[in-house]
Every structure is written in structure tokens, then in C-alpha cells.
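**Q** File name coords.csv; file contents CSV, C-alpha atoms and all ligand atoms; full text below.
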chain,number,residue,atom,x,y,z
R,15,MET,CA,32.9,28.8,-15.4
R,16,ILE,CA,29.5,28.6,-13.7
R,17,GLU,CA,26.7,30.6,-15.2
R,18,PHE,CA,23.1,31.1,-13.9
R,19,THR,CA,20.7,32.5,-16.4
R,20,ASN,CA,17.3,33.6,-15.2
R,21,VAL,CA,17.4,31.0,-12.5
R,22,SER,CA,14.4,30.7,-10.1
R,23,LYS,CA,14.2,28.4,-7.1
R,24,SER,CA,11.7,28.2,-4.3
R,25,PHE,CA,10.4,25.7,-1.7
R,26,TRP,CA,6.8,25.1,-0.7
R,27,THR,CA,6.7,24.9,3.0
R,28,GLY,CA,3.0,23.7,3.2
R,29,LYS,CA,1.9,27.2,4.2
R,30,SER,CA,3.9,29.6,2.0
R,31,ARG,CA,6.5,29.7,-0.7
R,32,LYS,CA,10.0,30.3,0.3
R,33,VAL,CA,11.8,32.1,-2.6
R,34,ILE,CA,15.5,31.4,-2.8
R,35,LEU,CA,16.3,32.8,-6.2
R,36,ASP,CA,14.0,34.9,-8.4
R,37,ARG,CA,15.2,35.0,-12.1
R,38,ALA,CA,18.9,35.4,-11.0
R,39,THR,CA,21.6,35.9,-13.6
R,40,PHE,CA,25.3,35.9,-12.8
R,41,ARG,CA,28.5,34.1,-13.6
R,42,VAL,CA,31.6,32.9,-11.8
R,43,ASP,CA,34.7,33.1,-14.1
R,44,LEU,CA,37.9,31.2,-13.5
R,45,GLY,CA,40.3,33.3,-11.6
R,46,LYS,CA,37.6,35.5,-10.0
R,47,SER,CA,36.8,34.0,-6.7
R,48,LEU,CA,33.4,35.1,-5.5
R,49,GLY,CA,32.0,35.5,-2.0
R,50,ILE,CA,28.2,35.5,-1.5
R,51,LEU,CA,26.9,37.3,1.6
R,52,ALA,CA,23.5,36.2,2.8
R,53,PRO,CA,21.8,36.0,6.2
R,54,ASN,CA,21.2,32.5,7.7
R,55,GLY,CA,18.2,30.6,6.3
R,56,THR,CA,18.0,32.6,3.1
R,57,GLY,CA,19.4,29.9,0.8
R,58,LYS,CA,23.2,29.7,1.0
R,59,THR,CA,23.3,25.9,1.0
R,60,THR,CA,20.7,25.7,-1.7
R,61,ILE,CA,22.7,27.9,-4.1
R,62,ILE,CA,25.9,26.1,-3.4
R,63,ASN,CA,24.1,22.8,-4.1
R,64,MET,CA,22.8,24.2,-7.3
R,65,MET,CA,26.3,25.2,-8.4
R,66,ALA,CA,27.5,21.7,-7.5
R,67,GLY,CA,24.8,20.1,-9.6
R,68,LEU,CA,23.2,18.5,-6.5
R,69,GLU,CA,20.0,20.6,-6.7
R,70,LYS,CA,18.0,21.6,-9.8
R,71,ALA,CA,16.6,25.0,-10.7
R,72,ASP,CA,12.8,25.3,-11.0
R,73,GLU,CA,13.3,27.5,-14.0
R,74,GLY,CA,16.2,29.0,-15.9
R,75,ARG,CA,19.6,27.5,-17.0
R,76,ILE,CA,22.7,26.6,-15.0
R,77,THR,CA,25.8,26.2,-17.2
R,78,ARG,CA,28.9,24.5,-15.7
R,79,THR,CA,32.0,24.2,-17.8
R,80,SER,CA,34.8,23.6,-15.3
R,81,LYS,CA,35.8,20.9,-12.9
R,82,ILE,CA,33.6,21.9,-9.9
R,83,SER,CA,34.0,20.5,-6.5
R,84,PHE,CA,31.2,19.2,-4.3
R,85,PRO,CA,30.6,21.5,-1.4
R,86,LEU,CA,33.7,21.4,0.8
R,87,GLY,CA,33.2,19.4,4.0
R,88,VAL,CA,30.2,17.5,2.6
R,89,VAL,CA,30.4,13.7,2.6
R,90,SER,CA,29.4,13.3,-1.0
R,91,GLY,CA,29.7,10.3,-3.2
R,92,VAL,CA,31.4,8.2,-0.5
R,93,ASN,CA,30.1,4.7,-0.1
R,94,MET,CA,29.9,3.8,3.6
R,95,LYS,CA,30.0,0.1,2.9
R,96,GLN,CA,33.3,0.3,1.1
R,97,THR,CA,36.7,1.1,2.5
R,98,ALA,CA,38.5,4.4,2.1
R,99,GLN,CA,40.9,2.6,-0.3
R,100,GLU,CA,38.0,1.4,-2.5
R,101,ASN,CA,36.3,4.8,-2.4
R,102,ALA,CA,39.5,6.7,-3.2
R,103,ARG,CA,40.2,4.4,-6.2
R,104,TYR,CA,36.7,4.5,-7.5
R,105,ILE,CA,36.4,8.3,-7.3
R,106,ALA,CA,39.8,8.7,-8.9
R,107,ARG,CA,38.6,6.7,-11.9
R,108,LEU,CA,35.4,8.8,-12.0
R,109,TYR,CA,37.4,12.0,-12.3
R,110,GLY,CA,39.9,10.5,-14.7
R,111,LEU,CA,42.8,10.5,-12.3
R,112,ASP,CA,45.5,7.9,-11.4
R,113,PRO,CA,43.9,5.7,-8.7
R,114,ASP,CA,47.4,5.0,-7.2
R,115,TYR,CA,48.0,8.7,-6.8
R,116,VAL,CA,44.6,9.5,-5.2
R,117,GLU,CA,45.0,6.5,-2.9
R,118,SER,CA,48.4,7.4,-1.6
R,119,PHE,CA,47.5,11.1,-1.3
R,120,CYS,CA,44.5,10.1,0.9
R,121,ARG,CA,46.5,7.6,2.9
R,122,TYR,CA,49.1,10.2,3.8
R,123,LEU,CA,46.7,13.1,4.5
R,124,ALA,CA,43.9,11.3,6.3
R,125,ASP,CA,46.4,9.2,8.3
R,126,ILE,CA,43.7,6.7,9.6
R,127,LYS,CA,46.1,3.8,9.6
R,128,GLU,CA,44.6,0.3,9.3
R,129,TYR,CA,41.1,1.8,9.1
R,130,PHE,CA,42.0,2.9,5.5
R,131,THR,CA,41.1,-0.7,4.4
R,132,MET,CA,38.0,-1.0,6.6
R,133,PRO,CA,34.5,0.2,5.6
R,134,VAL,CA,33.9,3.9,6.0
R,135,GLY,CA,30.8,3.1,8.0
R,136,THR,CA,33.1,1.9,10.9
R,137,TYR,CA,34.9,5.3,11.2
R,138,SER,CA,34.5,7.9,13.9
R,139,GLN,CA,33.1,11.2,12.6
R,140,GLY,CA,36.5,12.8,12.8
R,141,MET,CA,38.1,10.0,10.8
R,142,ARG,CA,35.3,10.2,8.2
R,143,SER,CA,35.7,13.9,7.8
R,144,ARG,CA,39.5,13.6,7.5
R,145,PHE,CA,39.1,11.0,4.8
R,146,THR,CA,36.5,12.9,2.8
R,147,PHE,CA,38.4,16.2,3.1
R,148,ALA,CA,41.6,14.4,2.0
R,149,LEU,CA,39.7,12.9,-0.9
R,150,MET,CA,38.4,16.3,-2.0
R,151,LEU,CA,41.9,17.9,-1.9
R,152,SER,CA,43.3,15.0,-4.0
R,153,LEU,CA,41.0,15.8,-6.9
R,154,ASP,CA,42.4,19.2,-7.8
R,155,PHE,CA,39.2,21.1,-9.0
R,156,ASP,CA,39.1,24.3,-11.0
R,157,ILE,CA,36.4,25.8,-8.7
R,158,TYR,CA,36.0,25.0,-5.0
R,159,LEU,CA,32.5,25.4,-3.4
R,160,ILE,CA,32.6,26.3,0.2
R,161,ASP,CA,29.5,26.5,2.4
R,162,GLU,CA,30.0,28.8,5.3
R,163,GLY,CA,33.7,28.8,6.0
R,164,MET,CA,36.3,26.1,6.3
R,165,PRO,CA,35.4,22.7,7.6
R,166,SER,CA,37.3,22.0,10.8
R,167,THR,CA,38.3,18.7,12.3
R,168,MET,CA,39.5,18.5,15.9
R,169,ASP,CA,42.8,16.9,14.8
R,170,ALA,CA,45.5,19.6,15.0
R,171,ALA,CA,48.1,17.6,13.1
R,172,PHE,CA,45.6,17.0,10.3
R,173,ASN,CA,44.5,20.6,10.2
R,174,LYS,CA,48.2,21.6,9.8
R,175,ARG,CA,48.8,19.2,7.0
R,176,ALA,CA,45.6,19.8,5.2
R,177,GLY,CA,45.4,23.5,5.8
R,178,ALA,CA,48.6,24.1,3.9
R,179,ILE,CA,47.4,22.1,0.9
R,180,LEU,CA,43.9,23.8,1.1
R,181,HIS,CA,45.5,27.2,1.2
R,182,GLU,CA,47.6,26.4,-1.9
R,183,ARG,CA,44.5,25.1,-3.8
R,184,LEU,CA,42.3,28.0,-2.9
R,185,THR,CA,44.9,30.7,-3.8
R,186,THR,CA,45.7,29.1,-7.2
R,187,GLY,CA,42.2,27.9,-8.0
R,188,THR,CA,38.8,29.7,-8.0
R,189,VAL,CA,36.6,29.7,-4.9
R,190,VAL,CA,33.0,30.4,-4.3
R,191,ILE,CA,32.1,30.9,-0.6
R,192,VAL,CA,28.7,31.5,0.8
R,193,SER,CA,28.5,33.0,4.2
R,194,HIS,CA,26.6,35.2,6.6
R,195,SER,CA,29.9,36.7,7.7
R,196,PRO,CA,32.1,39.1,5.5
R,197,LYS,CA,35.1,38.1,7.6
R,198,ILE,CA,35.2,34.6,6.1
R,199,LEU,CA,35.3,36.0,2.6
R,200,GLU,CA,38.2,38.3,3.1
R,201,THR,CA,41.1,35.9,2.6
R,202,TYR,CA,40.1,34.4,-0.8
R,203,CYS,CA,37.4,36.4,-2.5
R,204,ARG,CA,38.2,39.0,-5.2
R,205,GLN,CA,34.6,40.0,-5.8
R,206,ALA,CA,31.5,39.7,-3.7
R,207,ALA,CA,27.7,39.5,-4.0
R,208,VAL,CA,24.8,40.0,-1.7
R,209,LEU,CA,21.7,37.7,-1.9
R,210,LYS,CA,18.7,39.8,-1.2
R,211,ASP,CA,15.0,39.1,-1.9
R,212,GLY,CA,15.9,36.3,-4.4
R,213,ARG,CA,18.4,38.5,-6.4
R,214,LEU,CA,22.1,38.3,-6.4
R,215,HIS,CA,23.7,41.8,-6.4
R,216,MET,CA,27.2,41.6,-7.7
R,217,PHE,CA,30.0,44.0,-6.7
R,218,GLU,CA,33.6,44.4,-7.8
R,219,THR,CA,34.9,44.6,-4.2
R,220,LEU,CA,33.9,43.1,-0.9
R,221,GLU,CA,33.8,46.6,0.6
R,222,GLU,CA,30.9,47.6,-1.7
R,223,ALA,CA,29.1,44.4,-1.0
R,224,LYS,CA,29.5,44.9,2.7
R,225,GLU,CA,27.8,48.3,2.5
R,226,LEU,CA,24.7,46.9,1.0
R,227,TYR,CA,24.7,43.9,3.3
R,228,ASN,CA,25.1,46.0,6.4
R,229,TYR,CA,22.5,48.4,5.2
R,230,ALA,CA,20.0,45.7,4.3
R,231,ASN,CA,20.4,43.6,7.5
E,301,LIG,N1,13.7,20.7,0.6
E,301,LIG,C1,13.2,21.8,1.2
E,301,LIG,N2,11.9,21.9,1.4
E,301,LIG,C2,11.4,23.0,2.0
E,301,LIG,N3,12.1,24.0,2.4
E,301,LIG,C3,13.4,23.9,2.3
E,301,LIG,C4,14.1,22.8,1.6
E,301,LIG,N4,15.4,23.0,1.6
E,301,LIG,C5,15.6,24.2,2.2
E,301,LIG,N5,14.4,24.8,2.6
E,301,LIG,C6,14.2,26.1,3.2
E,301,LIG,O1,14.8,27.1,2.4
E,301,LIG,C7,15.5,28.1,3.1
E,301,LIG,C8,16.9,28.1,2.7
E,301,LIG,O2,17.6,27.0,3.1
E,301,LIG,P1,19.2,26.8,3.0
E,301,LIG,O3,19.6,25.6,3.8
E,301,LIG,O4,19.6,26.9,1.6
E,301,LIG,O5,19.6,28.2,3.7
E,301,LIG,P2,21.0,28.6,4.4
E,301,LIG,O6,21.1,30.1,4.1
E,301,LIG,O7,22.1,27.7,4.0
E,301,LIG,O8,20.6,28.3,5.9
E,301,LIG,P3,21.6,28.2,7.2
E,301,LIG,O9,22.4,29.4,7.2
E,301,LIG,O10,20.6,28.1,8.3
E,301,LIG,O11,22.4,27.0,7.0
E,301,LIG,C9,15.3,27.7,4.6
E,301,LIG,O12,14.2,28.4,5.1
E,301,LIG,C10,15.0,26.2,4.5
E,301,LIG,O13,14.1,25.9,5.6
Here is a file; write its structure as C-alpha cells.

**A**
Amino acid sequence: MIEFTNVSKSFWTGKSRKVILDRATFRVDLGKSLGILAPNGTGKTTIINMMAGLEKADEGRITRTSKISFPLGVVSGVNMKQTAQENARYIARLYGLDPDYVESFCRYLADIKEYFTMPVGTYSQGMRSRFTFALMLSLDFDIYLIDEGMPSTMDAAFNKRAGAILHERLTTGTVVIVSHSPKILETYCRQAAVLKDGRLHMFETLEEAKELYNYAN
């Protein structure tokens, strides 16, 4: 479960204050995947980062009681000086999982051959994203945080392998997706919200959320 209670967040731009959340209260329960609709530049990444624990609220309380992913597609917690093997084993221990399992899962899925035992800093961008994506899928979270749709790599074989596992994780787990486009939310979200003027308006269905979103934008 993720719960925001009277959470406020804003940024000072040097000229004015950009309000992202204004005393927002809402919760995401396990089994009730949530899509948040918000236009670009209004705070989607900031909210996802707050859910992930990467960004603090200015005021209010954020309660997180489940195993919550880092935002999907984000290279987070990976040490560039260490090899994929070292990173996989380290992160497995951090999450209380079997390092042998996480290592072999990542080896299979990322399929970066001998680079698996070379420092991540030497990888191409595609290799790096295949590895971090594989790592994330190996961790089996309760709640997956997705910033603006699915990450895509150019490697068709990887997308095919990872896509099937991702789909399985997202349909059995709980997902929070923030997006400017209702289309992206359709596949996985049971309920939807609209971010407007710092408030999160929750709806039971995506259809209802779309009405407010289309009306407001
Ligand atoms: N550290 C910061 N300092 C100042 N302003 C910031 C900071 N981080 C974000 N912002 C501003 O807050 C607003 C929301 O940013 P955020 O990245 O969360 O929005 P977004 O909806 O994800 O944007 P996009 O759709 O363009 O990716 C933007 O106007 C951004 O410039």
C-alpha cells in the first residue's frame, strides 16, 4: 500500500513557485492498479519519485508498506564501476533474495554475454537498459511504478523475452502508471486519477477520469 496524507510539494524556480501537490490525500491498495493522468510538465515524474521514496514531500506524510519498485526504466542503484554480476548479487542481497537466482535471471534475460562480468560503465546504452530492466524484473515487487509508458529497447529479441515476463508481473502485481495519455493506462489500470491544480482527483473507472481530463485540458 502507498498512502499520501496531506502531501504538499513545490519547487522554487527562482521567479515563482511551481506547485506539484497541494495537500493531496490518496492511497494505492494492492490489487487496485492506478493510472494517473496529467499533462506534461505538471509533476508526473516527481510524484512517481515520491512514491518510490526518491523524493521527499515538503509537508504531509507518505506511508509505504509494500515492496515498491524504483520507477521502471530508471537506472537506479546500479553501480557503474561494478560488473552486472556484482550489481545483481549486491541488489539481490539488499532485497533479501537468492543472489544465484537473481544473477542467472539477469544473465538469461539481458543476454549481454561476456559483458556481464565487465563494469556497467563500459556498456552501450542498450545493454545498460537491458541489464537494469532485467534486474528490475528479477526482484518481483508488489507495486510497480511506471513513468510514462513502457521502457523500450531497440532489441526485438529482448523485448519479446522481457515483454512476456513484464506482462505477467503487471497483471498479477499492482501498477501505478503516470501518463499524459489515457491510451497507456488502458491495459493495466483498474482505477484512474487526474492531477489538476495540485490535487489528485480519484475515479473508479478510467472513463470517468478521461472525462475530467479531456474537459480540463
Ligand atoms: N528540482 C527541481 N527544481 C525546480 N523545478 C523542478 C525540479 N524538478 C522538477 N521541477 C519542475 O517541476 C515541474 C514538474 O516536473 P516533472 O518532471 O515532475 O513533470 P512531468 O509531468 O514528469 O514532466 P514531463 O512530462 O515533461 O516529463 C516541471 O515544471 C519541472 O521543471

**Q** With all atoms listed in the file counted and 6 Å as the cut-off, give the residues of chain R in contact with ligand LIG 301 (chain E), each with its shortest interatomic distance in Å and the pair that gives it, as a tab-separated table.

**A**
residue	atom	partner	partner_atom	distance
R:Phe25	CA	E:LIG301	C2	4.7
R:Trp26	CA	E:LIG301	C2	5.7
R:Thr27	CA	E:LIG301	C2	5.2
R:Asn54	CA	E:LIG301	O9	3.4
R:Gly55	CA	E:LIG301	O8	3.3
R:Thr56	CA	E:LIG301	O6	4.1
R:Gly57	CA	E:LIG301	O4	3.1
R:Lys58	CA	E:LIG301	O6	3.8
R:Thr59	CA	E:LIG301	O7	3.7
R:Thr60	CA	E:LIG301	O4	3.7

**Q** Enter the distance from CA of Ile82 (chain R) to CA of Gly187 (chain R), in Å, rounded to one decimal.

**A** 10.7 Å

**Q** Just the residues within 8 Å of Leu44 (chain R), please, counting all atoms listed in the file, with nothing from its chain fewer than 3 positions along; format it as a list in words.

**A** Met15, Ser47, Asp156, Ile157, Gly187 and Thr188 of chain R

**Q** I need the residues from that last selection saved to file as a CSV table (one decimal), in the frame of the given file (with C-alpha atoms), if you can.

**A**
chain,number,residue,atom,x,y,z
R,15,MET,CA,32.9,28.8,-15.4
R,47,SER,CA,36.8,34.0,-6.7
R,156,ASP,CA,39.1,24.3,-11.0
R,157,ILE,CA,36.4,25.8,-8.7
R,187,GLY,CA,42.2,27.9,-8.0
R,188,THR,CA,38.8,29.7,-8.0

**Q** Which of these, R:Tyr122, R:Ala170, R:Asn93, R:Tyr115, has the shortest distance to Arg142 (chain R) once you count only C-alpha atoms?

**A** R:Asn93

**Q** With all atoms listed in the file as the atoms that count, which of R:Gln205, R:Asn20, R:Gln99, R:Ser143 lies nearest to Tyr129 (chain R)?

**A**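 Closest residue, counting all atoms listed in the file: R:Gln99.
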
**Q** Between CA of Leu108 (chain R) and CA of Arg183 (chain R), measure the distance and give it in Å to one decimal.

**A**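 CA of Leu108 (chain R) sits 20.4 Å away from CA of Arg183 (chain R).
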
**Q** One decimal, Å: what's the distance from CA of Gly177 (chain R) over to CA of Ala223 (chain R), could you say?

**A** 27.4 Å

**Q** Which is closer to Val208 (chain R) than all the others in R:Asp161, R:Glu222, R:Asp125, R:Glu73, using all atoms listed in the file?

**A**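 Closest to Val208 (chain R) of all the choices is R:Glu222.
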
**Q** With only C-alpha atoms as the atoms that count, which of R:Ile50, R:Met65, R:Ala178, R:Val116 lies nearest to Lys224 (chain R)?

**A** R:Ile50

**Q** Would you list the contacts of Val189 (chain R) as a ChimeraX atom specification, taking every protein, DNA or RNA residue within 12 Å and counting all atoms listed in the file, but skipping same-chain residues closer than 3 positions in sequence?

**A** /R:15-16,42-50,62,65,81-86,155-161,163-164,180-186,192,199-206

**Q** So, with only C-alpha atoms as the atoms that count, which of R:Lys95, R:Met64, R:Pro133, R:Ile76 lies closest to Thr19 (chain R)?

**A** R:Ile76

**Q** Which one of R:Thr219, R:Ser138, R:Asn63, R:Asn228 sits closest to Lys23 (chain R) if you count all atoms listed in the file?

**A**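 Smallest distance to Lys23 (chain R) is found for R:Asn63.
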